[in-house]
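Taking it in order: structure first as C-alpha cells, then the write-up.
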2 protein chains.
Amino acid sequence: MSGPIPVFSQVQEAHRRISKYIHRTPVLSSSSIDSILGCELLFKCENFQKVGAFKFRGACNAVFSLSDEEAMKGVGTHSSGNHAAALALAARMRGIKSYIVMPDNSPDIKKKAVAGYGAEITYCEPTLEARESTMEKVIEQTGANFIHPYNFDRIICGQATAAKELLEDYPDLQIVMAPVGGGGLLSGTAISSKSINPNIKVIAAEPSGADDAYRSFKSGQLIPSTNPKTIADGLLTSLGDLTLEIILKHVDDILRVEEETIVKAMRMIYERMKIIVEPSSAVPLAAIMENPHLFQHKKTGIILSGGNVDLDKLPFTAH
Amino acid sequence: MSGPIPVFSQVQEAHRRISKYIHRTPVLSSSSIDSILGCELLFKCENFQKVGAFKFRGACNAVFSLSDEEAMKGVGTHSSGNHAAALALAARMRGIKSYIVMPDNSPDIKKKAVAGYGAEITYCEPTLEARESTMEKVIEQTGANFIHPYNFDRIICGQATAAKELLEDYPDLQIVMAPVGGGGLLSGTAISSKSINPNIKVIAAEPSGADDAYRSFKSGQLIPSTNPKTIADGLLTSLGDLTLEIILKHVDDILRVEEETIVKAMRMIYERMKIIVEPSSAVPLAAIMENPHLFQHKKTGIILSGGNVDLDKLPFTAH
C-alpha cells in the first residue's frame, strides 16, 4: 500500500488536483516573537485549513486521485483524530461514501465532527489490534479503498503542498520545520523543500516522550514507540517504512523537546500571534526555544499543523 | 479637545499617514459559522494589529499628525488598557516621550506591556477623578499633548481606517458591524462605511450590562453608564459628545446582547476560526446570534476589535 518514494512532480500534480477544494492558508509572522528569539519566523497556518488541520490536504489528494470506478466503492480509515474528519469531508466533497473505524472511547466532539461530515462510523475497542481487524472487516464488506493516514504516497504528496505554498510565498527561507508523528507532514515537507531549493535545511521537531522518529532517524531503521506520552496528541503515532525512507533521504535533523517547552511555545503563539493551535503545532517553536543558536539570524518557515484543541482543557495555569 | 465631525478625506489622509506603521490586517471568514448562522460574515482581524488591538491605528494617527514642535513635548493619556499601550508604541516609533497615568490596581501584565514600550508611567488611585486630576498634573508639568482615547477627531480618523480597508477588500458588504464602548471605533467605522457606500447599514453591538450607547442613541442625548458590568471589559466606557454626534448621524441601529451570548460567540470564534479575540470582539457576532433574521442571506463585515485576553481566565467551562 505504501508505494514508492514520491517525487516533486507528483506534488505539483496533487496541488493542481486539490487546489479548488483546500484553503491556501495565510503565512503569519510576529515581530515580538522574532525579537524575543533573535530570528525571523514565518508560520504557515494550517490551523486555518478545512477541518482545522493540514490532514485535509492529503485526504483530498487521496480521494480525488481515485478513478471513478475505485471511488464508487468509497474510502475507509481508522482514526480518532483529524485524518478521519479530513477523509470524511473530502469524500463528501466527491460525493462518495466514507467508512471510519473509531475507538469507542473517542471524545464525543470528535465522533460528532466525523458523523457531521457524513461518514459511516464503526466503533471498536480502543486498541490498535481492534482498529485494524475492524477496518479489515469493513473493507471486506464494502470494497472501500483503505486510506492510510501517513504511510501512503498520495497522502504524503497532499501534505507536501503546504510547504510548496510556503516556499512560493517565501522563496528565501533558509530552514523549514515541521513536527513529526507518523511522518506524513514531515516527509511531504522535505520533498517539497529540497526539490524547490536543495540548500534549504529541513529540521523536524518531536516530543522527547514520543521520540521514535528521532531514534529511527539516528539508527536508520524503524523503531516504533512503545507507550509514547506527550501533550502533543497528534504526534503519538510512529513512522512507517515509507515515511522513514523519505526522512532518511531528505531531512537534515530531528530535535527532541521537553513537554514544558511545548506548553511555553504554545502559550507564546496564543499570546503573541492571537491564534489557536494544537500542542503538536507548537513543537517546532519549542525546538527553536531550546536551541536558539541553530536559528539565530536565520529565516525559518514553520508548518503549524492544526488548531483542533479542547478549549476546556488548555494547559495554561496562572503564573 | 474633541473637535468637529471628521470627514472621509481626513480618514484617507490618516490612512496615508499611518499605513507604513500599522499592519494591514487580514479578513477571515468561516464557512462553518456561515452555515450555522445562515449568513455571510467577513471578519476584519484587528486582533492581529500591533499591540493586539485597533487602538494602534488611532494612536498612530494622533501621534504622527502632531507638528514637530508639538511632538517634542510628548503625548499623554490615562488608560489601563489597549489605548495606553498603543499610544506608548506609537510615541516610541516617532521617537518622542509618552506619559501614561494608570490606576495602581492595573494588572501587572498591562503595566509591564506599557513600560515595555518605553512609557513613563504615573500610578494613581483607581477612580476616574484620580485619573483625570493626576493626568492634569502630568500635562501641566510636561506640556505633553493629551490624547483622548476616543472623543477626539484624530483618534476617530485612525480607527476609521479599519473599515476603510475592509471595504476596499469587500466592496459589496451590505452591513458593517462594530462593538461600541466609548464609540471611537464605531464612529470611525460609520464615517468610512457611509462615505464609501451610503447604502451600507452600520449596526453596532453593545452588552446589555453597559448599554449607555444604546440609551444615548435612542434618546438623542448623552446618558453615561453608572456602574456598567460586562465581561467585555473594553466596552465599559461611555460615549463622548463627539462620538455620540457621529453615531446619531451615521449609525443605523445599536443592538444589545446578553453576557451568555457573548461567551458563546467568543467560543464559536475560537473553535471555528482558530483565532484569539477578547470578549469585546465577540459582541457583534453575539448580536447576530440573537437576531439572526436581520442578517439572513446578507453579506456582513465585522470589525474584530482586539485579542488581548488573559489566557488564564478564559470564560469557558466544560459542557
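Letters A, B, ... go to the chains of the C-alpha cells in the order shown; residues in each chain start at 1; ligands are counted from 1 in the same order.
Those residues of chain A that fall within 8 Å of chain B when using only C-alpha atoms read A:Asn47, A:Phe48, A:Gly52, A:Tyr270, A:Glu271, A:Met273, A:Lys274, A:Ile275, A:Ile276, A:Val277, A:Gly307, A:Asn308, A:Leu311, A:Asp312, A:Phe316, A:Thr317, A:Ala318.
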Go ahead and save the residues from that selection, with C-alpha atoms, as a PDB file, in the first residue's frame.
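Below you can see out-v7.pdb, which holds the result:
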```pdb
ATOM      1  CA  ASN A  47      -4.819  25.606  11.743  1.00  0.00           C
ATOM      2  CA  PHE A  48      -6.932  27.678   9.323  1.00  0.00           C
ATOM      3  CA  GLY A  52      -8.627  22.662  11.197  1.00  0.00           C
ATOM      4  CA  TYR A 270      -1.565  32.260  21.588  1.00  0.00           C
ATOM      5  CA  GLU A 271      -0.410  35.457  23.286  1.00  0.00           C
ATOM      6  CA  MET A 273       0.101  35.754  17.409  1.00  0.00           C
ATOM      7  CA  LYS A 274      -3.504  35.589  18.687  1.00  0.00           C
ATOM      8  CA  ILE A 275      -4.177  32.286  17.007  1.00  0.00           C
ATOM      9  CA  ILE A 276      -5.289  28.894  18.309  1.00  0.00           C
ATOM     10  CA  VAL A 277      -3.011  25.950  17.635  1.00  0.00           C
ATOM     11  CA  GLY A 307      -5.819  24.066  15.606  1.00  0.00           C
ATOM     12  CA  ASN A 308      -8.109  21.379  16.995  1.00  0.00           C
ATOM     13  CA  LEU A 311     -10.747  24.806  24.919  1.00  0.00           C
ATOM     14  CA  ASP A 312     -11.911  23.426  28.254  1.00  0.00           C
ATOM     15  CA  PHE A 316      -2.193  27.087  30.891  1.00  0.00           C
ATOM     16  CA  THR A 317      -2.070  27.824  34.589  1.00  0.00           C
ATOM     17  CA  ALA A 318      -1.756  31.128  36.380  1.00  0.00           C
TER      18      ALA A 318
END
```
| task | Within range 27-178 of chain A, find each residue whose DSSP state, derived from the backbone, is alpha helix (DSSP H), and express the selection as a PyMOL selection string. | result | chain A and resi 31-37+55-64+68-72+82-94+108-116+128-142+153-169
| field | Residue contacts of range 145-155 of chain A (9 Å, only C-alpha atoms) excluding same-chain residues fewer than 2 positions away, as a VMD selection string | value | chain A and resid 1 to 6 10 to 11 14 55 57 to 63 65 to 66 70 to 71 73 to 79 83 to 84 87 135 to 136 139 142 to 143 157 to 160 182 to 185 188 239 to 243
| task | Quick one: pick out all strand (DSSP E or B) residues within range 53-260 of chain A from a backbone DSSP run and write them as a ChimeraX atom specification. | result | /A:53,75-78,98-103,120-124,145-146,175-179,201-207,253-257
Please, could you write that set of residues out with N, CA and C atoms as a compact mmCIF listing (two decimals), in the first residue's frame?
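Writing the result to selection_3.txt gives the following:
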```txt
# COMPACT_ATOMS: atom_id res chain seq x y z
N ALA A 53 -6.86 21.37 10.11
CA ALA A 53 -5.55 20.71 10.12
C ALA A 53 -5.07 20.41 8.70
N VAL A 75 -14.24 5.25 0.57
CA VAL A 75 -12.92 5.21 1.22
C VAL A 75 -13.10 4.89 2.69
N GLY A 76 -12.04 4.33 3.27
CA GLY A 76 -12.13 3.99 4.69
C GLY A 76 -10.82 4.22 5.40
N THR A 77 -10.89 4.47 6.70
CA THR A 77 -9.68 4.55 7.50
C THR A 77 -10.04 4.30 8.96
N HIS A 78 -9.01 4.04 9.77
CA HIS A 78 -9.25 4.02 11.21
C HIS A 78 -8.46 5.14 11.84
N SER A 98 -17.75 7.38 3.01
CA SER A 98 -16.55 7.14 3.81
C SER A 98 -16.92 6.26 5.00
N TYR A 99 -16.02 5.33 5.30
CA TYR A 99 -16.21 4.38 6.40
C TYR A 99 -15.09 4.61 7.42
N ILE A 100 -15.46 5.06 8.60
CA ILE A 100 -14.43 5.38 9.59
C ILE A 100 -14.55 4.43 10.79
N VAL A 101 -13.44 3.79 11.13
CA VAL A 101 -13.40 2.98 12.35
C VAL A 101 -12.80 3.84 13.46
N MET A 102 -13.57 4.00 14.54
CA MET A 102 -13.12 4.84 15.65
C MET A 102 -13.15 4.04 16.95
N PRO A 103 -12.15 4.25 17.82
CA PRO A 103 -12.20 3.65 19.15
C PRO A 103 -13.45 4.17 19.88
N GLU A 120 -19.81 6.98 7.70
CA GLU A 120 -20.43 5.84 8.37
C GLU A 120 -19.40 5.33 9.39
N ILE A 121 -19.75 5.42 10.66
CA ILE A 121 -18.77 5.12 11.71
C ILE A 121 -18.99 3.71 12.27
N THR A 122 -17.90 2.96 12.42
CA THR A 122 -17.94 1.69 13.14
C THR A 122 -17.07 1.83 14.38
N TYR A 123 -17.65 1.59 15.53
CA TYR A 123 -16.85 1.72 16.76
C TYR A 123 -16.17 0.40 17.09
N CYS A 124 -15.02 0.48 17.76
CA CYS A 124 -14.30 -0.73 18.16
C CYS A 124 -13.62 -0.49 19.50
N ASN A 145 -11.78 1.75 -0.46
CA ASN A 145 -10.33 1.96 -0.58
C ASN A 145 -9.77 2.39 0.76
N PHE A 146 -8.83 1.62 1.30
CA PHE A 146 -8.23 1.98 2.58
C PHE A 146 -7.24 3.13 2.37
N ILE A 175 15.58 27.66 6.44
CA ILE A 175 15.23 26.46 7.18
C ILE A 175 13.71 26.27 7.09
N VAL A 176 13.26 25.03 6.94
CA VAL A 176 11.83 24.73 7.05
C VAL A 176 11.66 23.68 8.13
N MET A 177 10.67 23.90 9.01
CA MET A 177 10.44 22.98 10.12
C MET A 177 9.02 22.43 10.12
N ALA A 178 8.91 21.19 10.58
CA ALA A 178 7.59 20.59 10.78
C ALA A 178 7.69 19.65 11.98
N PRO A 179 6.57 19.44 12.67
CA PRO A 179 6.56 18.42 13.72
C PRO A 179 6.52 17.04 13.07
N LYS A 201 17.63 23.82 4.74
CA LYS A 201 17.69 22.78 5.76
C LYS A 201 16.28 22.43 6.19
N VAL A 202 16.01 21.12 6.29
CA VAL A 202 14.71 20.66 6.80
C VAL A 202 14.95 20.06 8.18
N ILE A 203 14.37 20.69 9.20
CA ILE A 203 14.59 20.26 10.57
C ILE A 203 13.25 19.90 11.20
N ALA A 204 13.16 18.69 11.72
CA ALA A 204 11.92 18.25 12.36
C ALA A 204 12.01 18.45 13.86
N ALA A 205 10.85 18.49 14.51
CA ALA A 205 10.81 18.60 15.96
C ALA A 205 9.85 17.54 16.49
N GLU A 206 10.25 16.92 17.59
CA GLU A 206 9.50 15.78 18.12
C GLU A 206 9.53 15.83 19.65
N PRO A 207 8.42 15.51 20.31
CA PRO A 207 8.45 15.49 21.78
C PRO A 207 9.37 14.36 22.28
N ASP A 253 17.81 17.06 10.21
CA ASP A 253 17.94 16.74 11.62
C ASP A 253 16.57 16.66 12.29
N ILE A 254 16.53 15.94 13.41
CA ILE A 254 15.32 15.89 14.24
C ILE A 254 15.71 16.33 15.64
N LEU A 255 15.03 17.34 16.15
CA LEU A 255 15.31 17.84 17.51
C LEU A 255 14.21 17.38 18.46
N ARG A 256 14.64 16.91 19.63
CA ARG A 256 13.64 16.50 20.63
C ARG A 256 13.41 17.62 21.63
N VAL A 257 12.16 17.78 22.08
CA VAL A 257 11.85 18.88 23.01
C VAL A 257 11.09 18.37 24.22
```
| said: If we count only C-alpha atoms and set the cut-off at 9 Å, which residues sit around Leu222 in chain B, ignoring sequence neighbours fewer than 3 positions away in its own chain? Please answer as a list of chain:residue names. | reply: B:Asp212, B:Ala213, B:Arg215, B:Ser216, B:Phe217, B:Ser219, B:Ser238, B:Leu239, B:Gly240, B:Asp241, B:Leu244
Write out as a PDB file with C-alpha atoms, in the first residue's frame which residues come within 6 Å of Ala232 in chain B when counting only C-alpha atoms, dropping same-chain ones fewer than 2 positions away.
```
ATOM      1  CA  THR B 230     -19.860  43.147  31.399  1.00  0.00           C
ATOM      2  CA  GLY B 234     -13.167  47.054  26.521  1.00  0.00           C
ATOM      3  CA  LEU B 235     -16.742  48.321  26.379  1.00  0.00           C
ATOM      4  CA  PRO B 279     -14.672  39.356  24.696  1.00  0.00           C
ATOM      5  CA  SER B 280     -15.439  42.821  23.231  1.00  0.00           C
TER       6      SER B 280
END
```
Can you tell me which residues surround Lys44 in chain A at a distance of at most 6 Å, considering only C-alpha atoms, apart from same-chain residues fewer than 3 positions away, and format the answer as an mmCIF file with C-alpha atoms, in the first residue's frame?
```
data_model
loop_
_atom_site.group_PDB
_atom_site.id
_atom_site.type_symbol
_atom_site.label_atom_id
_atom_site.label_comp_id
_atom_site.auth_asym_id
_atom_site.auth_seq_id
_atom_site.Cartn_x
_atom_site.Cartn_y
_atom_site.Cartn_z
ATOM 1 C CA VAL A 27 1.542 32.849 6.402
ATOM 2 C CA ILE A 303 4.284 24.496 9.397
ATOM 3 C CA LEU A 304 1.631 24.982 12.096
#
```
| query | Taking only C-alpha atoms into account, which of A:Tyr117, A:Ile246, A:Leu236, A:Gln296 comes nearest Thr189 in chain A? | reply |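 For Thr189 in chain A, the nearest of the given residues is A:Ile246.
The two atoms in question, CA of Ala113 in chain A and CA of Ser80 in chain A, are spaced 10.6 Å apart.
In this model, the gap between CA of Glu40 in chain B and CA of Met268 in chain B comes to 15.1 Å.
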